[in-house]
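Trainee: Pasting a structure below so you can have a look.
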Amino acid sequence: WPRILAEIQLADATVVCLQEINKGLYEEIRDALGSLGYASVTHRKPQRNCLAIFYKSDTAAKVWEKHVRIKGFEKTLAVGLKCTGRVLAVVTCHLEGHPQKTAERLAQLEATFKEVKELQHEGIVIAGDFNAPLAEDGRWSAVSAYLLHGMIPNGTTEWGRDVVVPLGALQPHGYAFESAYGPGPVFSISLHGEGPSLIDHIWYSRCLALAGVRDVFFDASFREEVLRHGLPNKQNPSDHLPLGVVLRWL
């Protein structure tokens with residue numbers, strides 16, 4: 001945790017999205033980030049693997065918050081933040097983790113967008129643990145395809161399994177999204193004994209411009225160390241690598 005706090009302090013981001021928070025540590029995390037000028041939004045009732053969105057209260061003001069509960073759990077959390085006179089919807093997520101449950105991941109996104117669409121905002125960012133690769137075998141995963149196209153094209157796979165969504169079973173979300181990171185050498189997890197994958201994503205609507213992305217690797221030697229031995233390690237105490245972006249209003 002101290003290393004994670006140091007990373008947050010160094011980044012000095014306006015918004016920080018955290019997933020898989022131990023609910024017993026949330027108050028300590030909230031107070032530590034509060035000392036850096038962050039206000040926070042989390043679940044009204046703590047749950048296992050909590051989500052939280054922290055934002056700099058001197059540059060962003062909360063307009064609304066939305067808790068989307070599905071089957072007793074909140075797999076997404078959203079907040080509307082007024083930044084430079086415009087409202088940005090920020091969504092963080094920890095989607096269904098079972099590789100074969102693509103339908104549940106898609107349903108969690110669909111339900112979230114349905115709720116958020118009714119609330120004031122001019123742009124949207126969704127960031128977190130999607131528990132699905134950004135792309136595989138040169139094609140977007142089902143989760144990525146839904147974000148890009150609002151539907152699942154024929155031939156889409158996720159975790160090596162064909163994904164077929166019956167016509168009308170999945171409602172378009174109505175946004176025009178871009179992924180901050182592209183398919184390629186970047187990864188966010190590399191567990192011991194398993195291959196690397198980019199299952200953490202940041203997507204933003206096209207009324208925003210991407211000005212920069214965080215290099216997830218400290219240096220080339222760190223990347224090679226992670227590929228050989230996996231995560232977590234001494235430099236990165238989480239089993240995920242943190243992502244980051246700089247976005248500007250168009």
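Numbering starts fresh at 1 for the residues of each chain in the structure tokens, the chains themselves are lettered A, B, ... in the order given, and ligands are numbered from 1 as they appear.
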With a distance cut-off of 10 Å and only C-alpha atoms, select the neighbouring residues of range 28-31 of chain A, excluding the residue or stretch itself and same-chain residues fewer than 2 positions from it, and output the selection as a list in words.

Mentor: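 Final neighbour list, sorted by chain and number: Trp1, Pro2, Leu5, Ile21, Asn22, Lys23, Gly24, Leu25, Tyr26, Leu33, Gly34, Ser35, Leu36, Gly37, Tyr38, Ala39, Ser40, Val41, Thr42, Ala52 and Phe54 of chain A.
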
Trainee: Write the residues you've just listed into a file as a short mmCIF file (atom, residue, chain, number, x, y, z; two decimals), in the first residue's frame, and include all heavy atoms for each of them.

Mentor:
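So the final result, stored in selection_17.cif, reads:
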data_model
loop_
_atom_site.label_atom_id
_atom_site.label_comp_id
_atom_site.auth_asym_id
_atom_site.auth_seq_id
_atom_site.Cartn_x
_atom_site.Cartn_y
_atom_site.Cartn_z
N TRP A 1 0.81 -1.21 0.00
CA TRP A 1 0.00 0.00 0.00
C TRP A 1 0.84 1.26 0.00
O TRP A 1 0.55 2.19 -0.76
CB TRP A 1 -1.00 -0.03 1.15
CG TRP A 1 -1.57 1.30 1.53
CD1 TRP A 1 -1.51 1.91 2.74
CD2 TRP A 1 -2.26 2.21 0.66
NE1 TRP A 1 -2.13 3.14 2.69
CE2 TRP A 1 -2.60 3.36 1.43
CE3 TRP A 1 -2.63 2.19 -0.68
CZ2 TRP A 1 -3.29 4.46 0.90
CZ3 TRP A 1 -3.31 3.29 -1.20
CH2 TRP A 1 -3.64 4.40 -0.41
N PRO A 2 1.92 1.38 0.82
CA PRO A 2 2.74 2.60 0.75
C PRO A 2 3.31 2.85 -0.65
O PRO A 2 3.42 4.00 -1.09
CB PRO A 2 3.84 2.33 1.77
CG PRO A 2 3.23 1.40 2.76
CD PRO A 2 2.35 0.51 1.92
N LEU A 5 0.50 4.24 -2.77
CA LEU A 5 0.28 5.64 -2.40
C LEU A 5 1.34 6.54 -3.01
O LEU A 5 1.03 7.63 -3.53
CB LEU A 5 0.30 5.78 -0.87
CG LEU A 5 0.10 7.20 -0.32
CD1 LEU A 5 -1.26 7.75 -0.74
CD2 LEU A 5 0.24 7.22 1.20
N ILE A 21 -10.32 -3.23 -3.60
CA ILE A 21 -9.87 -2.70 -2.32
C ILE A 21 -10.37 -3.60 -1.20
O ILE A 21 -11.54 -3.95 -1.15
CB ILE A 21 -10.41 -1.26 -2.10
CG1 ILE A 21 -9.93 -0.33 -3.21
CG2 ILE A 21 -9.99 -0.73 -0.74
CD1 ILE A 21 -10.58 1.04 -3.16
N ASN A 22 -9.49 -3.96 -0.32
CA ASN A 22 -9.88 -4.69 0.90
C ASN A 22 -10.74 -3.73 1.73
O ASN A 22 -10.29 -2.66 2.14
CB ASN A 22 -8.63 -5.11 1.67
CG ASN A 22 -8.94 -5.90 2.93
OD1 ASN A 22 -9.94 -5.65 3.60
ND2 ASN A 22 -8.09 -6.84 3.25
N LYS A 23 -12.00 -4.14 1.97
CA LYS A 23 -12.91 -3.22 2.65
C LYS A 23 -12.42 -2.83 4.04
O LYS A 23 -12.75 -1.76 4.54
CB LYS A 23 -14.32 -3.80 2.72
CG LYS A 23 -14.46 -5.06 3.55
CD LYS A 23 -15.90 -5.56 3.51
CE LYS A 23 -16.11 -6.83 4.32
NZ LYS A 23 -17.52 -7.31 4.26
N GLY A 24 -11.59 -3.68 4.65
CA GLY A 24 -11.03 -3.34 5.96
C GLY A 24 -9.98 -2.26 5.91
O GLY A 24 -9.64 -1.66 6.93
N LEU A 25 -9.46 -1.98 4.70
CA LEU A 25 -8.42 -0.96 4.53
C LEU A 25 -8.96 0.32 3.91
O LEU A 25 -8.20 1.28 3.77
CB LEU A 25 -7.29 -1.51 3.66
CG LEU A 25 -6.47 -2.67 4.21
CD1 LEU A 25 -5.46 -3.14 3.17
CD2 LEU A 25 -5.76 -2.27 5.49
N TYR A 26 -10.24 0.33 3.55
CA TYR A 26 -10.74 1.48 2.81
C TYR A 26 -10.58 2.79 3.57
O TYR A 26 -10.13 3.79 3.00
CB TYR A 26 -12.21 1.29 2.42
CG TYR A 26 -12.75 2.55 1.79
CD1 TYR A 26 -12.39 2.91 0.50
CD2 TYR A 26 -13.58 3.43 2.52
CE1 TYR A 26 -12.84 4.09 -0.07
CE2 TYR A 26 -14.03 4.60 1.95
CZ TYR A 26 -13.66 4.93 0.65
OH TYR A 26 -14.09 6.11 0.11
N LEU A 33 -5.39 9.37 1.02
CA LEU A 33 -5.60 10.15 -0.18
C LEU A 33 -6.27 11.49 0.13
O LEU A 33 -6.05 12.48 -0.57
CB LEU A 33 -6.42 9.36 -1.19
CG LEU A 33 -5.70 8.16 -1.82
CD1 LEU A 33 -6.59 7.47 -2.85
CD2 LEU A 33 -4.40 8.56 -2.46
N GLY A 34 -7.06 11.51 1.19
CA GLY A 34 -7.63 12.77 1.63
C GLY A 34 -6.56 13.79 1.99
O GLY A 34 -6.72 14.99 1.74
N SER A 35 -5.47 13.30 2.56
CA SER A 35 -4.37 14.20 2.91
C SER A 35 -3.68 14.78 1.69
O SER A 35 -2.97 15.78 1.77
CB SER A 35 -3.34 13.47 3.79
OG SER A 35 -2.62 12.51 3.02
N LEU A 36 -3.91 14.15 0.52
CA LEU A 36 -3.35 14.65 -0.74
C LEU A 36 -4.36 15.50 -1.51
O LEU A 36 -4.10 15.91 -2.64
CB LEU A 36 -2.91 13.48 -1.62
CG LEU A 36 -1.85 12.53 -1.04
CD1 LEU A 36 -1.55 11.41 -2.03
CD2 LEU A 36 -0.58 13.29 -0.70
N GLY A 37 -5.53 15.74 -0.89
CA GLY A 37 -6.52 16.61 -1.52
C GLY A 37 -7.61 15.89 -2.29
O GLY A 37 -8.35 16.53 -3.04
N TYR A 38 -7.74 14.55 -2.08
CA TYR A 38 -8.73 13.79 -2.81
C TYR A 38 -10.00 13.58 -1.98
O TYR A 38 -9.94 13.20 -0.82
CB TYR A 38 -8.19 12.41 -3.19
CG TYR A 38 -7.15 12.42 -4.30
CD1 TYR A 38 -5.79 12.43 -4.00
CD2 TYR A 38 -7.55 12.43 -5.64
CE1 TYR A 38 -4.84 12.43 -5.02
CE2 TYR A 38 -6.61 12.44 -6.65
CZ TYR A 38 -5.26 12.44 -6.34
OH TYR A 38 -4.32 12.44 -7.35
N ALA A 39 -11.15 13.83 -2.60
CA ALA A 39 -12.43 13.36 -2.08
C ALA A 39 -12.71 12.01 -2.73
O ALA A 39 -12.03 11.60 -3.67
CB ALA A 39 -13.53 14.36 -2.41
N SER A 40 -13.72 11.28 -2.24
CA SER A 40 -13.91 9.92 -2.74
C SER A 40 -15.38 9.55 -2.84
O SER A 40 -16.25 10.11 -2.17
CB SER A 40 -13.19 8.92 -1.84
OG SER A 40 -13.73 8.94 -0.53
N VAL A 41 -15.63 8.55 -3.70
CA VAL A 41 -16.93 7.92 -3.84
C VAL A 41 -16.71 6.42 -3.80
O VAL A 41 -15.82 5.90 -4.49
CB VAL A 41 -17.62 8.30 -5.17
CG1 VAL A 41 -18.91 7.51 -5.36
CG2 VAL A 41 -17.89 9.80 -5.22
N THR A 42 -17.49 5.71 -2.99
CA THR A 42 -17.41 4.25 -2.95
C THR A 42 -18.80 3.70 -2.69
O THR A 42 -19.79 4.44 -2.71
CB THR A 42 -16.39 3.77 -1.91
OG1 THR A 42 -16.16 2.35 -2.08
CG2 THR A 42 -16.87 4.04 -0.49
N ALA A 52 -13.58 2.25 -5.80
CA ALA A 52 -13.63 3.63 -5.32
C ALA A 52 -13.09 4.55 -6.40
O ALA A 52 -12.19 4.18 -7.17
CB ALA A 52 -12.81 3.79 -4.04
N PHE A 54 -11.53 8.40 -6.60
CA PHE A 54 -10.99 9.55 -5.87
C PHE A 54 -10.78 10.70 -6.86
O PHE A 54 -10.35 10.47 -7.99
CB PHE A 54 -9.67 9.18 -5.21
CG PHE A 54 -9.78 8.11 -4.15
CD1 PHE A 54 -9.73 6.77 -4.50
CD2 PHE A 54 -9.95 8.44 -2.82
CE1 PHE A 54 -9.85 5.78 -3.54
CE2 PHE A 54 -10.06 7.46 -1.85
CZ PHE A 54 -10.02 6.12 -2.22
#

Trainee: Near range 232-248 of chain A, within 7 Å and counting only C-alpha atoms, which residues show up once chain neighbours fewer than 3 positions away are dropped, as a list in words?

Mentor: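 Non-adjacent residues within range: Ser188, Ile189, Leu191, Leu208, Ala209, Leu210, Ala211, Gly212, Val213, Arg214 and Val216 of chain A.
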
Trainee: For range 93-185 of chain A against range 79-89 of chain A, with a cut-off of 9 Å and counting only C-alpha atoms, what is the closest atom pair and its distance in Å to one decimal for every residue that makes the cut, ordered by chain and number, as CSV?

Mentor:
residue,atom,partner,partner_atom,distance
A:Val116,CA,A:Ala89,CA,7.8
A:Leu119,CA,A:Gly80,CA,8.1
A:Gln120,CA,A:Val87,CA,7.0
A:His121,CA,A:Val87,CA,4.7
A:Glu122,CA,A:Val87,CA,5.6
A:Gly123,CA,A:Leu88,CA,5.0
A:Ile124,CA,A:Ala89,CA,4.5
A:Val125,CA,A:Ala89,CA,6.3
A:Ile126,CA,A:Ala89,CA,8.3

Trainee: Atoms to include: N, CA and C atoms. Write the selected residues as a PDB file, in the first residue's frame.

Mentor:
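This is the output file again-v5.pdb:
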ATOM      1  N   VAL A 116     -26.304   5.483 -16.513  1.00  0.00           N
ATOM      2  CA  VAL A 116     -25.527   6.721 -16.628  1.00  0.00           C
ATOM      3  C   VAL A 116     -26.085   7.629 -17.713  1.00  0.00           C
ATOM      4  N   LEU A 119     -28.161  10.621 -16.765  1.00  0.00           N
ATOM      5  CA  LEU A 119     -27.584  11.636 -15.894  1.00  0.00           C
ATOM      6  C   LEU A 119     -26.773  12.653 -16.698  1.00  0.00           C
ATOM      7  N   GLN A 120     -26.670  13.861 -16.151  1.00  0.00           N
ATOM      8  CA  GLN A 120     -25.969  14.931 -16.864  1.00  0.00           C
ATOM      9  C   GLN A 120     -24.497  14.587 -17.071  1.00  0.00           C
ATOM     10  N   HIS A 121     -24.044  14.656 -18.308  1.00  0.00           N
ATOM     11  CA  HIS A 121     -22.610  14.559 -18.620  1.00  0.00           C
ATOM     12  C   HIS A 121     -22.403  14.861 -20.092  1.00  0.00           C
ATOM     13  N   GLU A 122     -21.230  15.418 -20.390  1.00  0.00           N
ATOM     14  CA  GLU A 122     -20.868  15.737 -21.778  1.00  0.00           C
ATOM     15  C   GLU A 122     -19.785  14.813 -22.318  1.00  0.00           C
ATOM     16  N   GLY A 123     -19.146  14.076 -21.456  1.00  0.00           N
ATOM     17  CA  GLY A 123     -18.139  13.102 -21.854  1.00  0.00           C
ATOM     18  C   GLY A 123     -18.100  11.985 -20.831  1.00  0.00           C
ATOM     19  N   ILE A 124     -17.459  10.871 -21.208  1.00  0.00           N
ATOM     20  CA  ILE A 124     -17.415   9.722 -20.296  1.00  0.00           C
ATOM     21  C   ILE A 124     -16.087   9.004 -20.432  1.00  0.00           C
ATOM     22  N   VAL A 125     -15.589   8.541 -19.298  1.00  0.00           N
ATOM     23  CA  VAL A 125     -14.390   7.699 -19.234  1.00  0.00           C
ATOM     24  C   VAL A 125     -14.755   6.478 -18.410  1.00  0.00           C
ATOM     25  N   ILE A 126     -14.369   5.300 -18.893  1.00  0.00           N
ATOM     26  CA  ILE A 126     -14.571   4.074 -18.120  1.00  0.00           C
ATOM     27  C   ILE A 126     -13.217   3.382 -17.987  1.00  0.00           C
TER      28      ILE A 126
END

Trainee: Compile the contact shell of range 102-113 of chain A as a ChimeraX atom specification: residues with an atom at most 10 Å away, counting only C-alpha atoms, same-chain residues fewer than 6 positions apart removed.

Mentor: /A:66-70,74-78,91,93-96,126,130-132,141-144,146-147,150-152,157-159,161-165,169-175

Trainee: Enumerate the residues of range 21-220 of chain A with a DSSP assignment of strand (DSSP E), computed from the backbone, and present them as number ranges by chain.

Mentor: A: 21, 38-42, 50-56, 61-70, 73-83, 86-94, 123-129, 135-136, 139-140, 157-158, 161-162, 177-179, 200-205, 208-213

Trainee: What parts of range 110-233 of chain A does DSSP call helix (DSSP H, G or I)? I'd like the answer as a ChimeraX atom specification.

Mentor: /A:110-116,142-149,220-229

Trainee: Taking N, CA, C and O atoms for each residue, export the selection above as an mmCIF file, in the first residue's frame.

Mentor:
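Everything below was put into selection.cif:
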data_model
loop_
_atom_site.group_PDB
_atom_site.id
_atom_site.type_symbol
_atom_site.label_atom_id
_atom_site.label_comp_id
_atom_site.auth_asym_id
_atom_site.auth_seq_id
_atom_site.Cartn_x
_atom_site.Cartn_y
_atom_site.Cartn_z
ATOM 1 N N GLU A 110 -23.722 -3.019 -20.048
ATOM 2 C CA GLU A 110 -24.992 -2.552 -20.590
ATOM 3 C C GLU A 110 -25.840 -1.873 -19.513
ATOM 4 O O GLU A 110 -26.387 -0.776 -19.727
ATOM 5 N N ALA A 111 -25.941 -2.495 -18.343
ATOM 6 C CA ALA A 111 -26.741 -1.929 -17.254
ATOM 7 C C ALA A 111 -26.165 -0.602 -16.777
ATOM 8 O O ALA A 111 -26.908 0.338 -16.467
ATOM 9 N N THR A 112 -24.858 -0.515 -16.733
ATOM 10 C CA THR A 112 -24.208 0.720 -16.281
ATOM 11 C C THR A 112 -24.482 1.863 -17.245
ATOM 12 O O THR A 112 -24.867 2.964 -16.836
ATOM 13 N N PHE A 113 -24.306 1.616 -18.536
ATOM 14 C CA PHE A 113 -24.548 2.676 -19.513
ATOM 15 C C PHE A 113 -26.009 3.111 -19.508
ATOM 16 O O PHE A 113 -26.305 4.298 -19.665
ATOM 17 N N LYS A 114 -26.920 2.182 -19.322
ATOM 18 C CA LYS A 114 -28.342 2.516 -19.274
ATOM 19 C C LYS A 114 -28.629 3.484 -18.128
ATOM 20 O O LYS A 114 -29.416 4.429 -18.284
ATOM 21 N N GLU A 115 -27.993 3.267 -16.975
ATOM 22 C CA GLU A 115 -28.201 4.138 -15.811
ATOM 23 C C GLU A 115 -27.527 5.501 -16.013
ATOM 24 O O GLU A 115 -28.110 6.547 -15.716
ATOM 25 N N VAL A 116 -26.304 5.483 -16.513
ATOM 26 C CA VAL A 116 -25.527 6.721 -16.628
ATOM 27 C C VAL A 116 -26.085 7.629 -17.713
ATOM 28 O O VAL A 116 -26.041 8.868 -17.589
ATOM 29 N N ALA A 142 -14.783 -9.467 -26.975
ATOM 30 C CA ALA A 142 -16.209 -9.135 -26.966
ATOM 31 C C ALA A 142 -16.478 -7.842 -26.206
ATOM 32 O O ALA A 142 -17.250 -6.986 -26.663
ATOM 33 N N VAL A 143 -15.844 -7.685 -25.049
ATOM 34 C CA VAL A 143 -16.021 -6.459 -24.260
ATOM 35 C C VAL A 143 -15.558 -5.250 -25.062
ATOM 36 O O VAL A 143 -16.232 -4.213 -25.126
ATOM 37 N N SER A 144 -14.386 -5.351 -25.697
ATOM 38 C CA SER A 144 -13.870 -4.240 -26.498
ATOM 39 C C SER A 144 -14.760 -3.960 -27.694
ATOM 40 O O SER A 144 -15.019 -2.800 -28.038
ATOM 41 N N ALA A 145 -15.246 -5.025 -28.352
ATOM 42 C CA ALA A 145 -16.125 -4.847 -29.506
ATOM 43 C C ALA A 145 -17.404 -4.118 -29.109
ATOM 44 O O ALA A 145 -17.889 -3.247 -29.847
ATOM 45 N N TYR A 146 -17.951 -4.464 -27.951
ATOM 46 C CA TYR A 146 -19.168 -3.796 -27.494
ATOM 47 C C TYR A 146 -18.908 -2.314 -27.254
ATOM 48 O O TYR A 146 -19.719 -1.450 -27.641
ATOM 49 N N LEU A 147 -17.769 -1.996 -26.641
ATOM 50 C CA LEU A 147 -17.454 -0.594 -26.382
ATOM 51 C C LEU A 147 -17.230 0.169 -27.683
ATOM 52 O O LEU A 147 -17.674 1.311 -27.830
ATOM 53 N N LEU A 148 -16.569 -0.452 -28.646
ATOM 54 C CA LEU A 148 -16.280 0.214 -29.911
ATOM 55 C C LEU A 148 -17.502 0.335 -30.815
ATOM 56 O O LEU A 148 -17.712 1.369 -31.459
ATOM 57 N N HIS A 149 -18.299 -0.729 -30.900
ATOM 58 C CA HIS A 149 -19.357 -0.803 -31.899
ATOM 59 C C HIS A 149 -20.770 -0.819 -31.318
ATOM 60 O O HIS A 149 -21.737 -0.683 -32.070
ATOM 61 N N ALA A 220 12.873 -1.209 -19.233
ATOM 62 C CA ALA A 220 12.902 -2.472 -19.985
ATOM 63 C C ALA A 220 13.233 -3.658 -19.093
ATOM 64 O O ALA A 220 12.689 -4.752 -19.265
ATOM 65 N N SER A 221 14.130 -3.452 -18.134
ATOM 66 C CA SER A 221 14.508 -4.561 -17.252
ATOM 67 C C SER A 221 13.341 -4.979 -16.369
ATOM 68 O O SER A 221 13.167 -6.172 -16.068
ATOM 69 N N PHE A 222 12.503 -4.004 -15.950
ATOM 70 C CA PHE A 222 11.320 -4.327 -15.154
ATOM 71 C C PHE A 222 10.364 -5.189 -15.978
ATOM 72 O O PHE A 222 9.817 -6.183 -15.479
ATOM 73 N N ARG A 223 10.167 -4.829 -17.236
ATOM 74 C CA ARG A 223 9.269 -5.597 -18.096
ATOM 75 C C ARG A 223 9.758 -7.041 -18.236
ATOM 76 O O ARG A 223 8.965 -7.993 -18.129
ATOM 77 N N GLU A 224 11.052 -7.206 -18.454
ATOM 78 C CA GLU A 224 11.600 -8.555 -18.610
ATOM 79 C C GLU A 224 11.478 -9.351 -17.310
ATOM 80 O O GLU A 224 11.189 -10.554 -17.328
ATOM 81 N N GLU A 225 11.662 -8.691 -16.184
ATOM 82 C CA GLU A 225 11.531 -9.345 -14.890
ATOM 83 C C GLU A 225 10.098 -9.839 -14.678
ATOM 84 O O GLU A 225 9.874 -10.964 -14.205
ATOM 85 N N VAL A 226 9.138 -9.002 -15.047
ATOM 86 C CA VAL A 226 7.733 -9.388 -14.890
ATOM 87 C C VAL A 226 7.395 -10.555 -15.817
ATOM 88 O O VAL A 226 6.692 -11.489 -15.419
ATOM 89 N N LEU A 227 7.894 -10.525 -17.039
ATOM 90 C CA LEU A 227 7.628 -11.611 -17.971
ATOM 91 C C LEU A 227 8.224 -12.929 -17.488
ATOM 92 O O LEU A 227 7.650 -13.999 -17.690
ATOM 93 N N ARG A 228 9.369 -12.841 -16.832
ATOM 94 C CA ARG A 228 10.019 -14.069 -16.345
ATOM 95 C C ARG A 228 9.363 -14.589 -15.078
ATOM 96 O O ARG A 228 9.149 -15.797 -14.924
ATOM 97 N N HIS A 229 9.034 -13.684 -14.138
ATOM 98 C CA HIS A 229 8.635 -14.122 -12.803
ATOM 99 C C HIS A 229 7.215 -13.742 -12.403
ATOM 100 O O HIS A 229 6.724 -14.185 -11.361
#
